[in-house]
file work-v3.pdb (PDB, C-alpha atoms)
ATOM      1  CA  MET I 184     -49.493 -21.928 -35.527
ATOM      2  CA  ASN I 185     -51.886 -19.979 -33.291
ATOM      3  CA  PHE I 186     -49.852 -18.274 -30.572
ATOM      4  CA  ASP I 187     -52.893 -16.727 -28.872
ATOM      5  CA  VAL I 188     -53.180 -19.784 -26.617
ATOM      6  CA  PHE I 189     -49.995 -18.679 -24.840
ATOM      7  CA  GLU I 190     -51.186 -15.136 -24.041
ATOM      8  CA  ASN I 191     -50.871 -14.334 -20.309
ATOM      9  CA  SER I 192     -49.304 -17.723 -19.635
ATOM     10  CA  LYS I 193     -46.116 -18.952 -17.961
ATOM     11  CA  ILE I 194     -43.946 -21.502 -19.774
ATOM     12  CA  LEU I 195     -40.944 -23.458 -18.469
ATOM     13  CA  ILE I 196     -38.320 -24.416 -21.073
ATOM     14  CA  THR I 197     -35.440 -26.589 -19.906
ATOM     15  CA  GLY I 198     -32.196 -26.474 -21.856
ATOM     16  CA  ALA I 199     -33.171 -22.944 -22.872
ATOM     17  CA  SER I 200     -29.651 -22.014 -23.967
ATOM     18  CA  GLY I 201     -29.437 -24.957 -26.389
ATOM     19  CA  LEU I 202     -30.206 -24.820 -30.102
ATOM     20  CA  ILE I 203     -33.842 -25.919 -29.887
ATOM     21  CA  GLY I 204     -34.536 -24.482 -26.446
ATOM     22  CA  GLY I 205     -33.145 -21.097 -27.485
ATOM     23  CA  THR I 206     -35.195 -21.132 -30.682
ATOM     24  CA  LEU I 207     -38.350 -21.780 -28.658
ATOM     25  CA  VAL I 208     -37.549 -18.948 -26.239
ATOM     26  CA  ARG I 209     -37.005 -16.461 -29.072
ATOM     27  CA  LEU I 210     -40.082 -17.552 -31.007
ATOM     28  CA  LEU I 211     -42.405 -17.288 -28.006
ATOM     29  CA  ALA I 212     -40.899 -13.973 -26.869
ATOM     30  CA  GLN I 213     -41.350 -12.508 -30.339
ATOM     31  CA  ARG I 214     -44.801 -13.871 -31.151
ATOM     32  CA  VAL I 215     -46.616 -13.671 -27.794
ATOM     33  CA  LYS I 216     -47.269 -10.198 -26.411
ATOM     34  CA  ASN I 217     -47.835 -11.171 -22.778
ATOM     35  CA  VAL I 218     -45.906 -14.273 -21.763
ATOM     36  CA  THR I 219     -43.436 -15.256 -19.057
ATOM     37  CA  ILE I 220     -40.764 -17.732 -20.087
ATOM     38  CA  VAL I 221     -38.983 -19.548 -17.264
ATOM     39  CA  ALA I 222     -35.666 -20.476 -18.888
ATOM     40  CA  GLN I 223     -33.818 -23.303 -17.135
ATOM     41  CA  VAL I 224     -30.095 -22.959 -17.924
ATOM     42  CA  ARG I 225     -26.786 -24.020 -16.423
ATOM     43  CA  ASN I 226     -25.184 -20.596 -16.834
ATOM     44  CA  LYS I 227     -27.381 -17.491 -16.648
ATOM     45  CA  ALA I 228     -24.657 -15.070 -17.729
ATOM     46  CA  LYS I 229     -23.970 -17.085 -20.873
ATOM     47  CA  ALA I 230     -27.655 -17.552 -21.627
ATOM     48  CA  GLU I 231     -28.372 -13.823 -21.408
ATOM     49  CA  THR I 232     -26.052 -13.178 -24.353
ATOM     50  CA  LEU I 233     -28.263 -15.307 -26.598
ATOM     51  CA  PHE I 234     -31.337 -13.082 -26.396
ATOM     52  CA  ASN I 235     -31.975  -9.443 -27.283
ATOM     53  CA  GLU I 236     -33.279  -6.791 -24.922
ATOM     54  CA  SER I 237     -36.959  -7.162 -25.786
ATOM     55  CA  GLU I 238     -36.751 -10.954 -25.447
ATOM     56  CA  ARG I 239     -34.979 -10.740 -22.069
ATOM     57  CA  LYS I 240     -37.885  -8.695 -20.669
ATOM     58  CA  LYS I 241     -40.089 -11.787 -20.922
ATOM     59  CA  ILE I 242     -37.581 -14.242 -19.418
ATOM     60  CA  GLU I 243     -37.137 -15.441 -15.843
ATOM     61  CA  TYR I 244     -34.036 -17.608 -15.346
ATOM     62  CA  LEU I 245     -33.905 -20.834 -13.386
ATOM     63  CA  GLU I 246     -30.161 -21.438 -13.091
ATOM     64  CA  GLY I 247     -28.648 -24.828 -12.280
ATOM     65  CA  ASP I 248     -28.538 -28.502 -13.183
ATOM     66  CA  VAL I 249     -31.852 -29.836 -14.526
ATOM     67  CA  CYS I 250     -31.339 -32.953 -12.380
ATOM     68  CA  GLU I 251     -31.477 -30.767  -9.277
ATOM     69  CA  MET I 252     -34.141 -28.335 -10.431
ATOM     70  CA  PRO I 253     -36.261 -26.971  -7.558
ATOM     71  CA  LEU I 254     -39.880 -28.077  -7.381
ATOM     72  CA  PRO I 255     -41.933 -25.090  -6.212
ATOM     73  CA  ASP I 256     -45.380 -24.254  -7.513
ATOM     74  CA  MET I 257     -44.415 -21.313  -9.729
ATOM     75  CA  GLY I 258     -47.747 -21.039 -11.514
ATOM     76  CA  VAL I 259     -46.256 -22.559 -14.645
ATOM     77  CA  GLU I 260     -48.902 -23.704 -17.140
ATOM     78  CA  TYR I 261     -46.774 -25.226 -19.904
ATOM     79  CA  VAL I 262     -43.514 -27.195 -19.824
ATOM     80  CA  ILE I 263     -41.119 -28.053 -22.656
ATOM     81  CA  HIS I 264     -38.294 -30.381 -21.611
ATOM     82  CA  ALA I 265     -35.451 -29.770 -24.082
ATOM     83  CA  ALA I 266     -32.402 -30.329 -21.828
ATOM     84  CA  SER I 267     -30.219 -33.201 -23.042
ATOM     85  CA  MET I 268     -26.658 -34.226 -23.852
ATOM     86  CA  THR I 269     -26.429 -34.466 -27.652
ATOM     87  CA  ALA I 270     -22.715 -34.667 -28.534
ATOM     88  CA  SER I 271     -21.865 -37.961 -30.261
ATOM     89  CA  ALA I 272     -18.495 -38.142 -28.465
ATOM     90  CA  ASP I 273     -20.298 -38.117 -25.105
ATOM     91  CA  PHE I 274     -22.340 -41.167 -26.118
ATOM     92  CA  ILE I 275     -19.063 -43.112 -26.259
ATOM     93  CA  ASN I 276     -16.936 -41.385 -23.607
ATOM     94  CA  ARG I 277     -19.571 -40.408 -21.004
ATOM     95  CA  PRO I 278     -22.503 -42.825 -21.370
ATOM     96  CA  VAL I 279     -23.258 -42.826 -17.625
ATOM     97  CA  GLU I 280     -23.562 -39.034 -17.569
ATOM     98  CA  VAL I 281     -25.730 -39.135 -20.710
ATOM     99  CA  MET I 282     -28.160 -41.516 -19.001
ATOM    100  CA  LYS I 283     -28.108 -39.588 -15.726
ATOM    101  CA  VAL I 284     -29.022 -36.265 -17.336
ATOM    102  CA  ALA I 285     -31.772 -37.898 -19.379
ATOM    103  CA  VAL I 286     -33.412 -40.021 -16.705
ATOM    104  CA  GLU I 287     -32.921 -37.942 -13.554
ATOM    105  CA  GLY I 288     -33.590 -34.695 -15.424
ATOM    106  CA  THR I 289     -36.828 -35.997 -16.915
ATOM    107  CA  ARG I 290     -38.048 -37.352 -13.581
ATOM    108  CA  ARG I 291     -37.364 -33.949 -12.043
ATOM    109  CA  VAL I 292     -39.279 -32.177 -14.802
ATOM    110  CA  MET I 293     -42.209 -34.565 -14.448
ATOM    111  CA  GLU I 294     -42.310 -33.901 -10.698
ATOM    112  CA  PHE I 295     -42.221 -30.157 -11.388
ATOM    113  CA  SER I 296     -45.117 -30.602 -13.825
ATOM    114  CA  ARG I 297     -47.086 -32.554 -11.233
ATOM    115  CA  VAL I 298     -46.542 -29.943  -8.516
ATOM    116  CA  ASN I 299     -47.498 -27.068 -10.827
ATOM    117  CA  LYS I 300     -50.620 -28.834 -12.129
ATOM    118  CA  ILE I 301     -49.729 -27.771 -15.655
ATOM    119  CA  LYS I 302     -52.009 -27.617 -18.679
ATOM    120  CA  SER I 303     -49.573 -29.426 -20.955
ATOM    121  CA  ALA I 304     -45.956 -30.643 -21.270
ATOM    122  CA  ALA I 305     -43.805 -31.753 -24.210
ATOM    123  CA  TYR I 306     -40.818 -34.064 -23.847
ATOM    124  CA  LEU I 307     -38.253 -33.847 -26.652
ATOM    125  CA  SER I 308     -37.199 -37.333 -27.641
ATOM    126  CA  SER I 309     -35.239 -38.518 -30.674
ATOM    127  CA  MET I 310     -35.542 -40.473 -33.907
ATOM    128  CA  GLU I 311     -32.816 -42.699 -32.423
ATOM    129  CA  VAL I 312     -35.402 -44.560 -30.346
ATOM    130  CA  TYR I 313     -36.096 -46.558 -33.525
ATOM    131  CA  GLY I 314     -32.535 -47.917 -33.570
ATOM    132  CA  ALA I 315     -30.992 -48.556 -36.985
ATOM    133  CA  PRO I 316     -33.749 -49.352 -39.522
ATOM    134  CA  GLN I 317     -32.446 -50.936 -42.721
ATOM    135  CA  SER I 318     -35.349 -50.635 -45.174
ATOM    136  CA  GLU I 319     -36.619 -47.552 -47.019
ATOM    137  CA  GLU I 320     -40.120 -47.964 -45.611
ATOM    138  CA  LYS I 321     -41.773 -45.108 -43.769
ATOM    139  CA  ILE I 322     -41.333 -45.226 -39.995
ATOM    140  CA  TYR I 323     -44.453 -44.515 -37.985
ATOM    141  CA  GLU I 324     -44.728 -43.982 -34.235
ATOM    142  CA  THR I 325     -45.665 -47.645 -33.671
ATOM    143  CA  ALA I 326     -42.433 -48.964 -35.242
ATOM    144  CA  PRO I 327     -40.252 -51.335 -33.154
ATOM    145  CA  THR I 328     -36.557 -50.888 -32.397
ATOM    146  CA  ASN I 329     -33.422 -53.002 -32.865
ATOM    147  CA  LEU I 330     -31.283 -51.206 -30.278
ATOM    148  CA  GLN I 331     -28.564 -53.239 -28.550
ATOM    149  CA  THR I 332     -28.614 -52.616 -24.797
ATOM    150  CA  THR I 333     -25.026 -53.858 -24.314
ATOM    151  CA  THR I 334     -23.565 -51.210 -26.641
ATOM    152  CA  PRO I 335     -22.407 -48.143 -24.648
ATOM    153  CA  ARG I 336     -23.524 -45.772 -27.411
ATOM    154  CA  SER I 337     -27.069 -46.981 -26.788
ATOM    155  CA  ALA I 338     -26.967 -44.906 -23.601
ATOM    156  CA  TYR I 339     -28.507 -42.015 -25.533
ATOM    157  CA  PRO I 340     -31.363 -43.717 -27.410
ATOM    158  CA  GLU I 341     -32.147 -46.204 -24.634
ATOM    159  CA  SER I 342     -32.361 -43.425 -22.043
ATOM    160  CA  LYS I 343     -34.663 -41.549 -24.415
ATOM    161  CA  ARG I 344     -36.861 -44.650 -24.597
ATOM    162  CA  LEU I 345     -36.930 -44.936 -20.811
ATOM    163  CA  CYS I 346     -37.836 -41.251 -20.513
ATOM    164  CA  GLU I 347     -40.689 -41.720 -22.969
ATOM    165  CA  CYS I 348     -41.950 -44.569 -20.795
ATOM    166  CA  MET I 349     -41.547 -42.366 -17.720
ATOM    167  CA  CYS I 350     -43.680 -39.687 -19.357
ATOM    168  CA  ALA I 351     -46.361 -42.252 -20.158
ATOM    169  CA  ALA I 352     -46.191 -43.514 -16.555
ATOM    170  CA  TYR I 353     -46.582 -40.027 -15.081
ATOM    171  CA  HIS I 354     -49.560 -39.480 -17.351
ATOM    172  CA  ALA I 355     -51.150 -42.793 -16.351
ATOM    173  CA  GLU I 356     -50.464 -42.603 -12.599
ATOM    174  CA  TYR I 357     -50.527 -38.861 -11.868
ATOM    175  CA  ASN I 358     -52.481 -37.542 -14.855
ATOM    176  CA  VAL I 359     -49.607 -35.312 -15.998
ATOM    177  CA  PRO I 360     -50.677 -34.118 -19.492
ATOM    178  CA  VAL I 361     -47.383 -34.832 -21.269
ATOM    179  CA  LYS I 362     -46.754 -35.508 -24.958
ATOM    180  CA  ILE I 363     -43.621 -36.797 -26.712
ATOM    181  CA  VAL I 364     -41.935 -35.282 -29.784
ATOM    182  CA  ARG I 365     -39.481 -37.558 -31.628
ATOM    183  CA  LEU I 366     -37.251 -35.108 -33.466
ATOM    184  CA  THR I 367     -35.112 -35.954 -36.447
ATOM    185  CA  GLN I 368     -31.722 -34.186 -36.791
ATOM    186  CA  THR I 369     -32.455 -30.474 -36.567
ATOM    187  CA  PHE I 370     -30.408 -27.424 -37.561
ATOM    188  CA  GLY I 371     -30.579 -23.798 -38.667
ATOM    189  CA  GLU I 372     -29.638 -20.397 -37.295
ATOM    190  CA  GLY I 373     -27.908 -20.570 -33.938
ATOM    191  CA  VAL I 374     -25.714 -23.593 -34.638
ATOM    192  CA  SER I 375     -22.386 -23.069 -32.883
ATOM    193  CA  TYR I 376     -19.331 -22.736 -35.111
ATOM    194  CA  ALA I 377     -17.695 -25.427 -32.970
ATOM    195  CA  ASP I 378     -20.604 -27.883 -33.259
ATOM    196  CA  LYS I 379     -19.283 -31.369 -34.103
ATOM    197  CA  ARG I 380     -22.353 -32.677 -35.900
ATOM    198  CA  VAL I 381     -22.272 -33.418 -39.607
ATOM    199  CA  PHE I 382     -24.357 -30.450 -40.772
ATOM    200  CA  ALA I 383     -22.057 -28.046 -38.905
ATOM    201  CA  GLU I 384     -18.924 -29.677 -40.334
ATOM    202  CA  PHE I 385     -20.285 -29.401 -43.884
ATOM    203  CA  SER I 386     -21.109 -25.740 -43.271
ATOM    204  CA  ARG I 387     -17.635 -25.018 -41.876
ATOM    205  CA  CYS I 388     -16.040 -26.643 -44.919
ATOM    206  CA  VAL I 389     -17.701 -24.277 -47.388
ATOM    207  CA  ILE I 390     -17.117 -21.249 -45.159
ATOM    208  CA  GLU I 391     -13.407 -22.102 -44.926
ATOM    209  CA  GLY I 392     -13.102 -23.178 -48.567
ATOM    210  CA  ARG I 393     -11.951 -26.730 -47.892
ATOM    211  CA  ASP I 394     -13.090 -30.170 -48.984
ATOM    212  CA  ILE I 395     -15.794 -32.118 -47.170
ATOM    213  CA  VAL I 396     -14.113 -35.287 -45.896
ATOM    214  CA  LEU I 397     -16.460 -38.109 -44.906
ATOM    215  CA  LYS I 398     -15.261 -40.675 -42.353
ATOM    216  CA  THR I 399     -17.707 -43.248 -43.772
ATOM    217  CA  LYS I 400     -19.190 -43.914 -47.209
ATOM    218  CA  GLY I 401     -22.066 -41.660 -46.172
ATOM    219  CA  GLU I 402     -24.681 -44.328 -46.799
ATOM    220  CA  THR I 403     -26.869 -43.497 -43.794
ATOM    221  CA  LYS I 404     -30.146 -41.900 -44.885
ATOM    222  CA  ARG I 405     -32.460 -39.794 -42.740
ATOM    223  CA  ASN I 406     -34.784 -36.790 -42.742
ATOM    224  CA  TYR I 407     -33.841 -33.370 -41.401
ATOM    225  CA  LEU I 408     -35.751 -30.470 -39.892
ATOM    226  CA  TYR I 409     -35.247 -26.720 -39.721
ATOM    227  CA  THR I 410     -35.037 -25.264 -36.199
ATOM    228  CA  GLY I 411     -38.007 -22.941 -36.754
ATOM    229  CA  ASP I 412     -40.100 -25.824 -38.072
ATOM    230  CA  ALA I 413     -39.041 -27.912 -35.068
ATOM    231  CA  ALA I 414     -40.209 -25.152 -32.728
ATOM    232  CA  THR I 415     -43.656 -24.929 -34.321
ATOM    233  CA  ALA I 416     -43.888 -28.741 -34.334
ATOM    234  CA  ILE I 417     -43.187 -28.842 -30.598
ATOM    235  CA  LEU I 418     -45.689 -26.090 -29.851
ATOM    236  CA  THR I 419     -48.312 -27.796 -32.015
ATOM    237  CA  VAL I 420     -47.917 -31.064 -30.100
ATOM    238  CA  LEU I 421     -47.893 -29.143 -26.814
ATOM    239  CA  THR I 422     -51.236 -27.485 -27.554
ATOM    240  CA  SER I 423     -52.993 -30.003 -29.804
ATOM    241  CA  GLY I 424     -51.368 -33.392 -29.242
ATOM    242  CA  LYS I 425     -52.919 -36.250 -27.299
ATOM    243  CA  ASP I 426     -51.649 -36.826 -23.775
ATOM    244  CA  GLY I 427     -49.308 -39.781 -23.372
ATOM    245  CA  GLU I 428     -48.654 -40.183 -27.104
ATOM    246  CA  ALA I 429     -45.599 -39.693 -29.346
ATOM    247  CA  TYR I 430     -45.262 -37.721 -32.591
ATOM    248  CA  ASN I 431     -42.497 -37.856 -35.192
ATOM    249  CA  ALA I 432     -41.216 -34.438 -36.266
ATOM    250  CA  ALA I 433     -39.391 -34.351 -39.605
ATOM    251  CA  ASN I 434     -39.472 -32.763 -43.052
ATOM    252  CA  GLU I 435     -40.199 -35.819 -45.178
ATOM    253  CA  GLU I 436     -38.969 -34.054 -48.324
ATOM    254  CA  THR I 437     -35.396 -33.862 -46.969
ATOM    255  CA  TYR I 438     -34.811 -37.636 -46.881
ATOM    256  CA  CYS I 439     -31.358 -38.323 -48.338
ATOM    257  CA  SER I 440     -28.010 -39.982 -47.629
ATOM    258  CA  ILE I 441     -25.100 -38.276 -45.877
ATOM    259  CA  TYR I 442     -23.142 -38.465 -49.126
ATOM    260  CA  GLU I 443     -25.994 -36.892 -51.121
ATOM    261  CA  MET I 444     -26.239 -34.107 -48.558
ATOM    262  CA  ALA I 445     -22.486 -33.489 -48.721
ATOM    263  CA  ARG I 446     -22.673 -33.183 -52.501
ATOM    264  CA  LEU I 447     -25.622 -30.784 -52.221
ATOM    265  CA  VAL I 448     -23.669 -28.511 -49.882
ATOM    266  CA  ALA I 449     -20.442 -28.638 -51.884
ATOM    267  CA  ASP I 450     -22.150 -28.036 -55.232
ATOM    268  CA  THR I 451     -24.495 -25.308 -53.981
ATOM    269  CA  PHE I 452     -22.312 -23.351 -51.570
ATOM    270  CA  GLY I 453     -18.715 -24.394 -52.289
ATOM    271  CA  ASN I 454     -18.011 -21.830 -55.033
ATOM    272  CA  GLY I 455     -15.941 -24.409 -56.881
ATOM    273  CA  LYS I 456     -13.495 -24.687 -53.957
ATOM    274  CA  CYS I 457     -15.125 -27.628 -52.209
ATOM    275  CA  THR I 458     -15.319 -31.290 -53.218
ATOM    276  CA  VAL I 459     -16.437 -34.404 -51.341
ATOM    277  CA  LYS I 460     -13.860 -36.996 -50.343
ATOM    278  CA  ILE I 461     -14.185 -40.274 -48.431
ATOM    279  CA  GLU I 462     -11.553 -41.334 -45.890
ATOM    280  CA  GLU I 463     -13.141 -44.221 -44.017
ATOM    281  CA  ARG I 464     -12.525 -44.722 -40.299
ATOM    282  CA  ASP I 465     -14.133 -46.819 -37.567
ATOM    283  CA  ALA I 466     -17.522 -45.120 -37.251
ATOM    284  CA  ALA I 467     -18.256 -46.658 -33.840
ATOM    285  CA  SER I 468     -15.112 -45.154 -32.297
ATOM    286  CA  LEU I 469     -16.268 -41.708 -33.433
ATOM    287  CA  GLY I 470     -19.636 -42.110 -31.719
ATOM    288  CA  TYR I 471     -21.550 -42.405 -34.984
ATOM    289  CA  ALA I 472     -24.730 -44.421 -35.148
ATOM    290  CA  PRO I 473     -24.566 -47.542 -37.358
ATOM    291  CA  THR I 474     -25.558 -47.207 -41.024
ATOM    292  CA  LEU I 475     -29.334 -46.858 -41.161
ATOM    293  CA  ARG I 476     -32.398 -45.766 -43.133
ATOM    294  CA  MET I 477     -34.439 -43.400 -40.940
ATOM    295  CA  ASN I 478     -37.356 -42.475 -43.200
ATOM    296  CA  LEU I 479     -39.679 -40.883 -40.652
ATOM    297  CA  SER I 480     -43.340 -40.276 -41.360
ATOM    298  CA  ALA I 481     -44.732 -36.989 -40.031
ATOM    299  CA  ARG I 482     -48.320 -37.883 -40.943
ATOM    300  CA  LYS I 483     -49.547 -38.009 -37.359
ATOM    301  CA  LEU I 484     -48.138 -34.536 -36.688
ATOM    302  CA  ASN I 485     -49.435 -33.235 -40.025
ATOM    303  CA  GLU I 486     -52.912 -34.299 -38.961
ATOM    304  CA  LEU I 487     -52.679 -31.747 -36.125
ATOM    305  CA  GLY I 488     -52.319 -29.018 -38.770
ATOM    306  CA  TRP I 489     -48.508 -28.711 -38.810
ATOM    307  CA  GLU I 490     -46.290 -28.817 -41.881
ATOM    308  CA  ALA I 491     -42.588 -28.203 -42.488
ATOM    309  CA  LYS I 492     -41.834 -24.977 -44.368
ATOM    310  CA  VAL I 493     -38.067 -24.948 -44.986
ATOM    311  CA  GLY I 494     -36.249 -27.383 -47.302
ATOM    312  CA  LEU I 495     -32.729 -28.774 -46.996
ATOM    313  CA  LYS I 496     -31.004 -26.285 -49.305
ATOM    314  CA  GLU I 497     -32.509 -23.297 -47.514
ATOM    315  CA  MET I 498     -31.690 -24.872 -44.134
ATOM    316  CA  PHE I 499     -28.027 -24.917 -45.113
ATOM    317  CA  ALA I 500     -28.164 -21.402 -46.553
ATOM    318  CA  ARG I 501     -29.463 -20.052 -43.243
ATOM    319  CA  THR I 502     -27.093 -22.200 -41.154
ATOM    320  CA  ILE I 503     -24.032 -21.145 -43.160
ATOM    321  CA  ARG I 504     -25.013 -17.484 -42.979
ATOM    322  CA  SER I 505     -25.551 -17.728 -39.222
ATOM    323  CA  MET I 506     -22.314 -19.629 -38.590
ATOM    324  CA  LYS I 507     -20.322 -17.247 -40.782
ATOM    325  CA  TYR I 508     -21.707 -14.251 -38.916
ATOM    326  CA  GLY I 509     -20.878 -15.890 -35.591
ATOM    327  CA  LYS I 510     -17.329 -16.663 -36.737
ATOM    328  CA  GLU I 511     -16.764 -13.086 -37.887
ATOM    329  CA  THR I 512     -18.104 -11.763 -34.590
ATOM    330  CA  VAL I 513     -15.628 -13.915 -32.650
ATOM    331  CA  GLU I 514     -12.760 -12.770 -34.865
ATOM    332  CA  GLU I 515     -13.738  -9.118 -34.391
ATOM    333  CA  LEU I 516     -13.763  -9.522 -30.632
ATOM    334  CA  CYS I 517     -10.346 -11.171 -30.709
ATOM    335  CA  GLN I 518      -8.935  -8.276 -32.726
ATOM    336  CA  LYS I 519     -10.221  -5.782 -30.151
ATOM    337  CA  GLU I 520      -8.595  -7.563 -27.197
TER     338      GLU I 520
END
call {"tool": "encode", "arguments": {"input": "work-v3.pdb", "output": "structure tokens"}}
result
Amino acid sequence: MNFDVFENSKILITGASGLIGGTLVRLLAQRVKNVTIVAQVRNKAKAETLFNESERKKIEYLEGDVCEMPLPDMGVEYVIHAASMTASADFINRPVEVMKVAVEGTRRVMEFSRVNKIKSAAYLSSMEVYGAPQSEEKIYETAPTNLQTTTPRSAYPESKRLCECMCAAYHAEYNVPVKIVRLTQTFGEGVSYADKRVFAEFSRCVIEGRDIVLKTKGETKRNYLYTGDAATAILTVLTSGKDGEAYNAANEETYCSIYEMARLVADTFGNGKCTVKIEERDAASLGYAPTLRMNLSARKLNELGWEAKVGLKEMFARTIRSMKYGKETVEELCQKE
């Protein structure tokens, strides 16, 4: 990744206190000598704790709801729209809010991009736009979907699809140079200890020395992606992708089932104290996607010169180390109070 293109530039990142947004902020602050990062966050005080002193010197905060983001010409040249609701429980319990944040937030960001006459924008979409594929065949960007619009959980993937269409519309009608990145499930350093997603639960289990208990048979298969690799994928599409088009972002080598991943974590990091058990429950009530085979192809992104660097085992090693450090930090603070 050539970071020279961002020298003396101004970049807006929405959702800058989230896992991917925060990773992008840190990477750009560390790798670009002269850059201004406009970090859109809901809570500035909380966001400031995520970055070190040298990183904070390159950050300007835009505090507030992304759906109500102001639209001044700030001289921004690049935009990365990473703000989104990603908790599975919200897909079931708050589907209206999930759609509102996605659709109204994206429209606001597109208007901001239009006003600022940007050089390039990247919208972060999701592998879930493909629905629940059932075969092992590679999934390319032209693949159809089998999403059910009358299922409340579809609020997340369907709103992502609508936002992709909105990006294409803004490009066609207003010439906004926006690209779309369809991310697979992404994790690494910075994952919250309280994160409810499966990779965080597996990591907590080995940290706490308890069994991994699956609520399904773990038959769903998908690819994964390291946070740092996701950041370089996004920046590659931002600078080299074709306007109005979508790109899958995944490490193809990580394709495996949930059960296989659980066994990998237990066997590699469990120190003999962790086994994998299955206690089936109603997956839909938990907000889980239906059983699927999400074998994404990253060929189109690879053709831009990008490749994933970090494999699944190392992704977990770094996630577990980061989560363990975060847990110990919280415990130390509690002891001091």
call {"tool": "resolve_selection", "arguments": {"input": "work-v3.pdb", "expression": "the PyMOL selection byres ((chain I and resi 351) around 10)", "output": "PyMOL selection string"}}
result
chain I and resi 345-350+352-363+426-429
call {"tool": "resolve_selection", "arguments": {"input": "work-v3.pdb", "expression": "the PyMOL selection byres ((chain I and resi 216) around 12)", "output": "mmCIF file with C-alpha atoms, in the frame of the given file"}}
result
data_model
loop_
_atom_site.group_PDB
_atom_site.id
_atom_site.type_symbol
_atom_site.label_atom_id
_atom_site.label_comp_id
_atom_site.auth_asym_id
_atom_site.auth_seq_id
_atom_site.Cartn_x
_atom_site.Cartn_y
_atom_site.Cartn_z
ATOM 1 C CA PHE I 186 -49.852 -18.274 -30.572
ATOM 2 C CA ASP I 187 -52.893 -16.727 -28.872
ATOM 3 C CA VAL I 188 -53.180 -19.784 -26.617
ATOM 4 C CA PHE I 189 -49.995 -18.679 -24.840
ATOM 5 C CA GLU I 190 -51.186 -15.136 -24.041
ATOM 6 C CA ASN I 191 -50.871 -14.334 -20.309
ATOM 7 C CA SER I 192 -49.304 -17.723 -19.635
ATOM 8 C CA LEU I 210 -40.082 -17.552 -31.007
ATOM 9 C CA LEU I 211 -42.405 -17.288 -28.006
ATOM 10 C CA ALA I 212 -40.899 -13.973 -26.869
ATOM 11 C CA GLN I 213 -41.350 -12.508 -30.339
ATOM 12 C CA ARG I 214 -44.801 -13.871 -31.151
ATOM 13 C CA VAL I 215 -46.616 -13.671 -27.794
ATOM 14 C CA ASN I 217 -47.835 -11.171 -22.778
ATOM 15 C CA VAL I 218 -45.906 -14.273 -21.763
ATOM 16 C CA THR I 219 -43.436 -15.256 -19.057
ATOM 17 C CA ILE I 220 -40.764 -17.732 -20.087
ATOM 18 C CA SER I 237 -36.959 -7.162 -25.786
ATOM 19 C CA GLU I 238 -36.751 -10.954 -25.447
ATOM 20 C CA LYS I 240 -37.885 -8.695 -20.669
ATOM 21 C CA LYS I 241 -40.089 -11.787 -20.922
#
call {"tool": "residues_around", "arguments": {"input": "work-v3.pdb", "residues": "segment 405-412 of chain I", "least_positions_apart": "5", "cutoff": "10 Å", "atoms": "all atoms listed in the file", "output": "number ranges by chain"}}
result
I: 202-207, 210, 310, 319, 366-374, 382, 417-418, 432-441, 475-480, 489-495, 497-499, 501-502
call {"tool": "resolve_selection", "arguments": {"input": "work-v3.pdb", "expression": "the PyMOL selection byres ((chain I and resi 285) around 9)", "output": "count of residues only"}}
result
19
call {"tool": "atom_distance", "arguments": {"input": "work-v3.pdb", "atom1": "atom CA of Ala222 of chain I", "atom2": "atom CA of Gly488 of chain I"}}
result
27.3 Å
call {"tool": "atom_distance", "arguments": {"input": "work-v3.pdb", "atom1": "atom CA of Lys398 of chain I", "atom2": "atom CA of Asn454 of chain I"}}
result
22.9 Å
call {"tool": "atom_distance", "arguments": {"input": "work-v3.pdb", "atom1": "atom CA of Ser200 of chain I", "atom2": "atom CA of Ala265 of chain I"}}
result
9.7 Å
